[in-house]
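S.K.: Sharing a structure with you now.
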Amino acid sequence: MEKSKPPSILVNRANWTSHVLLGISVCLLALACMSVIQKSSSLAGLWLPTALMIPVLFHHRYRDWLPLLCASALGIAAAHTVLGTPFLRYLPYMLNNLFEASLCASLLRRMLPAQDPLSGLGYWIRFLLIAVILCPLVSSFIMMLFILHVHSPVELQSRFATWFMSEAVAILALTPLGLIYQRGYFRKNLTPDRFFGLLLTLVITLVAGFLALKWLPYTFAFITIPLLWCAIRLPRVEAFIIFLSMTLMITLLHTSGIVSVQPHTVVQIPQGLIFLPLLLILTPANAMAMAMHALRAEKSHITQSENRFRNAMEYSAIGMALVSPQGKLLQVNKSLCNLLGYEARYLTTLTFQEITYQEDLGKDLTLLGQLLNDEIQNYTMEKRYLCRSGEVIWALLAVSLVRDEEHNPLYFISQIEDINDLKHTEVTNKRLSEALHEEKELLHITLNSINEAVISTDRNMNITFMNPVAEKMTGWTEEQAQGQPVNRIVLISKGQDGPLIDNLLQFDINENLHSSIERSLVLHGYHTGLFDVQLAVSPLRTLKDEPIGIVLVLQDVSKSRELMRKLSYSASHDLLTGLSNRGSFESSLKKALNLIVTAHQSHCLAFIDLDRFKAINDTAGHAAGDELLRQISTLMQEHIRNSDRLARLGGDEFALILFDCPAEQGLSTLAKLVSEINQFEFIWEDKFYRIGASAGLTKMNDPDVSSSEYMAQADKACYTAKNNGRGRVFRYEPEQKTATVHTDNSVFPTDKH
């Protein structure tokens, strides 16, 4: 028996075949292009070998590039050898071509998807910028370095333009076809009728292009019309084939002298830019082809989705119906018609109330009302239906509600399963009740997976199902997550930096409802970021109350929680300085009073009032006053502890709580703050301004004194400092109920203005 060849030998043989074909193709294209060079005694107007190498390198792994580049180099060298070009003369140009193809393919691999590189207009624009503009420009500059010493500036400009245009036009004409073409495309898609249509379109387009070149003015404006027509009516591959054919035809006709692509204008286009109009007509044609491809793909996706839904409903083994919020049957499938004995056309003239057994209608309507009011997400019930024959049958009804983007009800999805035999056969009912219960539990969650992430597990807490929303949020596909422990895939913490919930089965939703925003649940996605979520855990159990798994429902509430954070910050902070506002400061003051009792701490409360602030506000304007308040706030924050709380009470008044701070230390800190403010120089519109501050401090060590009383004491001490020369720190003395000056002379101002 003949032994089969190992796979490695077959792969190597296939690789060598592609290398040989690439070398031969590059050689033939180079021969054709260099024939044009010899005829025109100039650089080629269209250089195709580089345009071919780019898609070949793009579709191969990096480790295969070296033999592919060697095959291309041999092909170019063979073409030059046939035409008798000296080796040292063409070597720099060949190396430049290889470098350009490698650079372009490498950049495209980074910027375009591997499967369908030009799947949308955005990807095509990236291709245009990289392959048609950037890489030919780099290659042209390198070519200039080779010939800089042998040509005049005028010749260098002409050769630079010619090199760039020949590379850009060739890449725009050939490379997109190589990038999107897949092996076997024509065998799968090109039927005889379609091939004849393509051939006829090609002939019409080329003839129209020839006539425009030969006799019409504004040649390329007329050529654009048939190209856009092809882009609109043909798929991408066929359209790009016609674009390439038109490019080759125009180049050959111009080279042979049959027609001239020079526009009928007084000003002649330089020889190096002769094919610039060709580049300009290919660009909109390519863009139109990509736009039409995206439109066809979107239309095909919508059609497939509609067909899948229609087929799933029509050929379902159980009865299904779409029901309006008023109860009218909008659409029914064959199974439901067979179950009830009605024709589909007649059944859609009825409401579900008319075919429901009267004794079961009340419960059905009650559950339906709860579903409409968003009190429940779905419901199931056993109910009886009236058949056309007059027979009453039992069915298991499962209903879910589909809403629009504004949360308005659109229609109900009703699944009606025949359980008539089960209800009339006790033995069968007992045997299948547990299986029916499990199916019902799974049906609950499946119908609830419209907008939320839904994940179910088995008895061992291994994942068995994930819907698309769950895949998007967790970063795992359902295939990857199947059989994985749920704690490995679903990572949820209390707060961004909080501990992970290690046992989702014992999660208490009521506990999370009362937690702060910072401690709310956060889902850590795998390479998908963080999501603020609400979590619902539903255990699945048999009729014997045996656990069979859990179902997790995750709702992304990132936007609402971010809004709550912003509102919470705005409610507790001064918008001008970013300091705590009066309401937040009063909360901190209550906390300080509580610490006096619970931790036996004493604190210092200070009021700080800026001196001469109104003069600056009136002289330099409110904008200067606002900026001064911001700078003074920053200055004070730099000289207090992180545990202290500084707040702006309004205008130029500030309050400060020094937590767990002795009176002498508080006076020292407050004196330093006043000294810093007194020495602060404010610059506004190249003018210097000086202000000062007066401060009053009171000691907080009596829990029986109210917060308002402490505020009054600090305010009184500050008022005394304000009226006794300013720039001072006064301490409130509870025994005398007066304020005395702090003796640190460093806080007194040097002037008394």
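Chain lettering (A, B, ...) mirrors the order of the structure tokens, residue numbering begins at 1 for each chain separately, and ligand numbering begins at 1 in order of display.
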I want to know what sits within 7 Å of A:Phe654, based on only C-alpha atoms, with residues of the same chain fewer than 2 positions away left out; could you give that as a VMD selection string?
M.R.: chain A and resid 607 to 609 647 to 649 652 656
S.K.: Taking the DSSP secondary structure from the backbone, can you list the residues of stretch 638-674 of chain A that are alpha helix (DSSP H), as a list of chain:residue names?
M.R.: A:Ala663, A:Glu664, A:Gln665, A:Gly666, A:Leu667, A:Ser668, A:Thr669, A:Leu670, A:Ala671, A:Lys672, A:Leu673, A:Val674
S.K.: Generate the output file for the selected residues, N, CA and C atoms, as a PDB file, in the first residue's frame.
M.R.:
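Okay, this is what ended up in part.pdb:
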ATOM      1  N   ALA A 663      -4.753  72.087  70.837  1.00  0.00           N
ATOM      2  CA  ALA A 663      -5.013  73.500  70.576  1.00  0.00           C
ATOM      3  C   ALA A 663      -3.752  74.235  70.150  1.00  0.00           C
ATOM      4  N   GLU A 664      -2.624  73.984  70.824  1.00  0.00           N
ATOM      5  CA  GLU A 664      -1.391  74.693  70.479  1.00  0.00           C
ATOM      6  C   GLU A 664      -0.926  74.338  69.075  1.00  0.00           C
ATOM      7  N   GLN A 665      -1.032  73.067  68.723  1.00  0.00           N
ATOM      8  CA  GLN A 665      -0.658  72.670  67.360  1.00  0.00           C
ATOM      9  C   GLN A 665      -1.603  73.296  66.338  1.00  0.00           C
ATOM     10  N   GLY A 666      -2.891  73.382  66.693  1.00  0.00           N
ATOM     11  CA  GLY A 666      -3.840  74.013  65.787  1.00  0.00           C
ATOM     12  C   GLY A 666      -3.542  75.484  65.595  1.00  0.00           C
ATOM     13  N   LEU A 667      -3.206  76.179  66.730  1.00  0.00           N
ATOM     14  CA  LEU A 667      -2.849  77.594  66.610  1.00  0.00           C
ATOM     15  C   LEU A 667      -1.616  77.776  65.744  1.00  0.00           C
ATOM     16  N   SER A 668      -0.640  76.888  65.905  1.00  0.00           N
ATOM     17  CA  SER A 668       0.587  76.978  65.099  1.00  0.00           C
ATOM     18  C   SER A 668       0.291  76.767  63.614  1.00  0.00           C
ATOM     19  N   THR A 669      -0.532  75.767  63.325  1.00  0.00           N
ATOM     20  CA  THR A 669      -0.889  75.505  61.919  1.00  0.00           C
ATOM     21  C   THR A 669      -1.659  76.674  61.333  1.00  0.00           C
ATOM     22  N   LEU A 670      -2.607  77.212  62.113  1.00  0.00           N
ATOM     23  CA  LEU A 670      -3.418  78.320  61.625  1.00  0.00           C
ATOM     24  C   LEU A 670      -2.568  79.574  61.437  1.00  0.00           C
ATOM     25  N   ALA A 671      -1.622  79.789  62.366  1.00  0.00           N
ATOM     26  CA  ALA A 671      -0.739  80.942  62.233  1.00  0.00           C
ATOM     27  C   ALA A 671       0.122  80.835  60.979  1.00  0.00           C
ATOM     28  N   LYS A 672       0.571  79.634  60.691  1.00  0.00           N
ATOM     29  CA  LYS A 672       1.382  79.441  59.480  1.00  0.00           C
ATOM     30  C   LYS A 672       0.552  79.710  58.229  1.00  0.00           C
ATOM     31  N   LEU A 673      -0.713  79.274  58.245  1.00  0.00           N
ATOM     32  CA  LEU A 673      -1.582  79.530  57.100  1.00  0.00           C
ATOM     33  C   LEU A 673      -1.779  81.032  56.890  1.00  0.00           C
ATOM     34  N   VAL A 674      -2.053  81.747  57.979  1.00  0.00           N
ATOM     35  CA  VAL A 674      -2.256  83.197  57.881  1.00  0.00           C
ATOM     36  C   VAL A 674      -0.991  83.883  57.405  1.00  0.00           C
TER      37      VAL A 674
END
S.K.: Of the candidates A:Asp374, A:Asp193, A:Tyr719, A:Leu156, which one gets nearest to A:Arg403 if we count only C-alpha atoms?
M.R.: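 For A:Arg403, the nearest of the candidates is A:Asp374.
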S.K.: Quick one: everything within 9 Å of A:Gly327, counting only C-alpha atoms, minus sequence neighbours fewer than 6 positions away in the same chain. Send it as a list in words.
M.R.: Leu350, Thr351, Phe352, Gln353 and Phe412 of chain A
S.K.: What's around A:Phe210 at 9 Å? Count only C-alpha atoms, leave out sequence neighbours fewer than 2 positions away in its own chain, and write the answer as a tab-separated table (two decimals) with all heavy atoms, in the first residue's frame.
M.R.:
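To be explicit, this is the file written out as part31.tsv:
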chain	number	residue	atom	x	y	z
A	205	THR	N	-17.51	49.19	-20.57
A	205	THR	CA	-16.71	50.18	-19.84
A	205	THR	C	-15.45	50.54	-20.62
A	205	THR	O	-15.09	51.72	-20.74
A	205	THR	CB	-16.34	49.63	-18.45
A	205	THR	OG1	-17.52	49.24	-17.76
A	205	THR	CG2	-15.62	50.68	-17.64
A	206	LEU	N	-14.75	49.53	-21.16
A	206	LEU	CA	-13.51	49.80	-21.90
A	206	LEU	C	-13.81	50.57	-23.18
A	206	LEU	O	-13.06	51.49	-23.56
A	206	LEU	CB	-12.79	48.49	-22.21
A	206	LEU	CG	-12.26	47.72	-20.99
A	206	LEU	CD1	-11.54	46.46	-21.43
A	206	LEU	CD2	-11.33	48.59	-20.17
A	207	VAL	N	-14.88	50.22	-23.88
A	207	VAL	CA	-15.24	50.95	-25.11
A	207	VAL	C	-15.58	52.39	-24.78
A	207	VAL	O	-15.15	53.33	-25.48
A	207	VAL	CB	-16.42	50.24	-25.82
A	207	VAL	CG1	-16.95	51.11	-26.95
A	207	VAL	CG2	-15.97	48.89	-26.36
A	208	ALA	N	-16.35	52.59	-23.71
A	208	ALA	CA	-16.69	53.96	-23.30
A	208	ALA	C	-15.44	54.75	-22.93
A	208	ALA	O	-15.31	55.93	-23.29
A	208	ALA	CB	-17.67	53.93	-22.12
A	212	ALA	N	-14.03	58.06	-24.92
A	212	ALA	CA	-13.78	59.30	-24.18
A	212	ALA	C	-12.36	59.79	-24.40
A	212	ALA	O	-12.11	60.99	-24.56
A	212	ALA	CB	-14.06	59.09	-22.69
A	213	LEU	N	-11.38	58.86	-24.37
A	213	LEU	CA	-9.99	59.24	-24.59
A	213	LEU	C	-9.76	59.76	-26.01
A	213	LEU	O	-8.94	60.66	-26.23
A	213	LEU	CB	-9.07	58.04	-24.33
A	213	LEU	CG	-8.87	57.63	-22.88
A	213	LEU	CD1	-8.19	56.28	-22.79
A	213	LEU	CD2	-8.03	58.67	-22.15
A	214	LYS	N	-10.48	59.20	-26.96
A	214	LYS	CA	-10.21	59.49	-28.37
A	214	LYS	C	-10.86	60.79	-28.83
A	214	LYS	O	-10.23	61.60	-29.53
A	214	LYS	CB	-10.72	58.33	-29.22
A	214	LYS	CG	-10.27	58.37	-30.67
A	214	LYS	CD	-8.79	58.08	-30.82
A	214	LYS	CE	-8.35	58.02	-32.28
A	214	LYS	NZ	-6.90	57.83	-32.42
A	215	TRP	N	-12.08	61.04	-28.41
A	215	TRP	CA	-12.81	62.14	-29.04
A	215	TRP	C	-13.43	63.16	-28.07
A	215	TRP	O	-13.79	64.25	-28.49
A	215	TRP	CB	-13.94	61.57	-29.92
A	215	TRP	CG	-13.42	60.94	-31.18
A	215	TRP	CD1	-12.87	61.57	-32.26
A	215	TRP	CD2	-13.39	59.56	-31.47
A	215	TRP	NE1	-12.49	60.66	-33.21
A	215	TRP	CE2	-12.80	59.39	-32.75
A	215	TRP	CE3	-13.79	58.41	-30.78
A	215	TRP	CZ2	-12.62	58.16	-33.35
A	215	TRP	CZ3	-13.60	57.18	-31.38
A	215	TRP	CH2	-13.02	57.06	-32.65
A	223	ILE	N	-14.65	59.40	-18.23
A	223	ILE	CA	-14.25	58.03	-17.87
A	223	ILE	C	-14.75	57.68	-16.47
A	223	ILE	O	-15.06	56.53	-16.17
A	223	ILE	CB	-12.72	57.88	-17.98
A	223	ILE	CG1	-12.29	57.98	-19.44
A	223	ILE	CG2	-12.26	56.56	-17.38
A	223	ILE	CD1	-10.79	57.87	-19.63
A	249	MET	N	-5.58	49.55	-19.95
A	249	MET	CA	-5.92	49.98	-21.30
A	249	MET	C	-5.45	51.42	-21.55
A	249	MET	O	-4.84	51.72	-22.60
A	249	MET	CB	-7.43	49.89	-21.52
A	249	MET	CG	-7.86	50.23	-22.94
A	249	MET	SD	-9.64	50.50	-23.11
A	249	MET	CE	-9.78	52.14	-22.40
A	250	ILE	N	-5.70	52.30	-20.60
A	250	ILE	CA	-5.28	53.69	-20.77
A	250	ILE	C	-3.77	53.79	-20.88
A	250	ILE	O	-3.23	54.52	-21.73
A	250	ILE	CB	-5.81	54.55	-19.61
A	250	ILE	CG1	-7.34	54.60	-19.65
A	250	ILE	CG2	-5.23	55.94	-19.65
A	250	ILE	CD1	-7.96	55.30	-18.46
A	253	LEU	N	-2.66	52.36	-24.35
A	253	LEU	CA	-3.03	53.27	-25.44
A	253	LEU	C	-2.15	54.50	-25.46
A	253	LEU	O	-1.73	54.98	-26.52
A	253	LEU	CB	-4.50	53.66	-25.30
A	253	LEU	CG	-5.54	52.56	-25.56
A	253	LEU	CD1	-6.94	53.09	-25.29
A	253	LEU	CD2	-5.44	52.05	-26.99
A	259	VAL	N	-3.68	57.10	-28.28
A	259	VAL	CA	-4.37	58.24	-27.67
A	259	VAL	C	-3.40	58.95	-26.74
A	259	VAL	O	-2.33	58.41	-26.40
A	259	VAL	CB	-5.62	57.80	-26.88
A	259	VAL	CG1	-6.64	57.16	-27.79
A	259	VAL	CG2	-5.23	56.88	-25.74
S.K.: Which neighbours of A:Leu179 fall inside 8 Å, counting only C-alpha atoms, when residues of the same chain fewer than 4 positions from it are skipped, and could you give them as a list in words?
M.R.: Pro55, Phe58, His59, Asp116, Pro117, Leu118 and Thr175 of chain A
S.K.: Can you tell me which residues surround A:Asp364 at a distance of at most 10 Å, considering only C-alpha atoms, apart from same-chain residues fewer than 2 positions away, and format the answer as number ranges by chain?
M.R.: A: 353, 356, 359-362, 366-369, 379-383, 397
S.K.: For the residues selected in the previous step, produce a file with C-alpha atoms as a PDB file, in the first residue's frame.
M.R.:
ATOM      1  CA  GLN A 353     -58.658  37.082  25.069  1.00  0.00           C
ATOM      2  CA  THR A 356     -58.552  31.981  26.222  1.00  0.00           C
ATOM      3  CA  GLU A 359     -61.594  30.968  34.072  1.00  0.00           C
ATOM      4  CA  ASP A 360     -57.916  31.447  33.159  1.00  0.00           C
ATOM      5  CA  LEU A 361     -58.250  34.914  31.587  1.00  0.00           C
ATOM      6  CA  GLY A 362     -58.137  36.862  34.873  1.00  0.00           C
ATOM      7  CA  THR A 366     -53.050  40.222  35.884  1.00  0.00           C
ATOM      8  CA  LEU A 367     -49.611  38.881  34.939  1.00  0.00           C
ATOM      9  CA  LEU A 368     -49.772  40.801  31.664  1.00  0.00           C
ATOM     10  CA  GLY A 369     -50.408  44.036  33.557  1.00  0.00           C
ATOM     11  CA  TYR A 379     -44.015  35.101  33.193  1.00  0.00           C
ATOM     12  CA  THR A 380     -45.156  31.560  32.572  1.00  0.00           C
ATOM     13  CA  MET A 381     -48.478  29.973  33.402  1.00  0.00           C
ATOM     14  CA  GLU A 382     -50.568  26.967  32.578  1.00  0.00           C
ATOM     15  CA  LYS A 383     -53.797  28.019  30.872  1.00  0.00           C
ATOM     16  CA  LEU A 397     -47.659  29.802  28.120  1.00  0.00           C
TER      17      LEU A 397
END
S.K.: Give me, please, the distance in Å between atom CA of A:Thr457 and atom CA of A:Val551, quoted to one decimal.
M.R.: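 So the answer is 6.5 Å.
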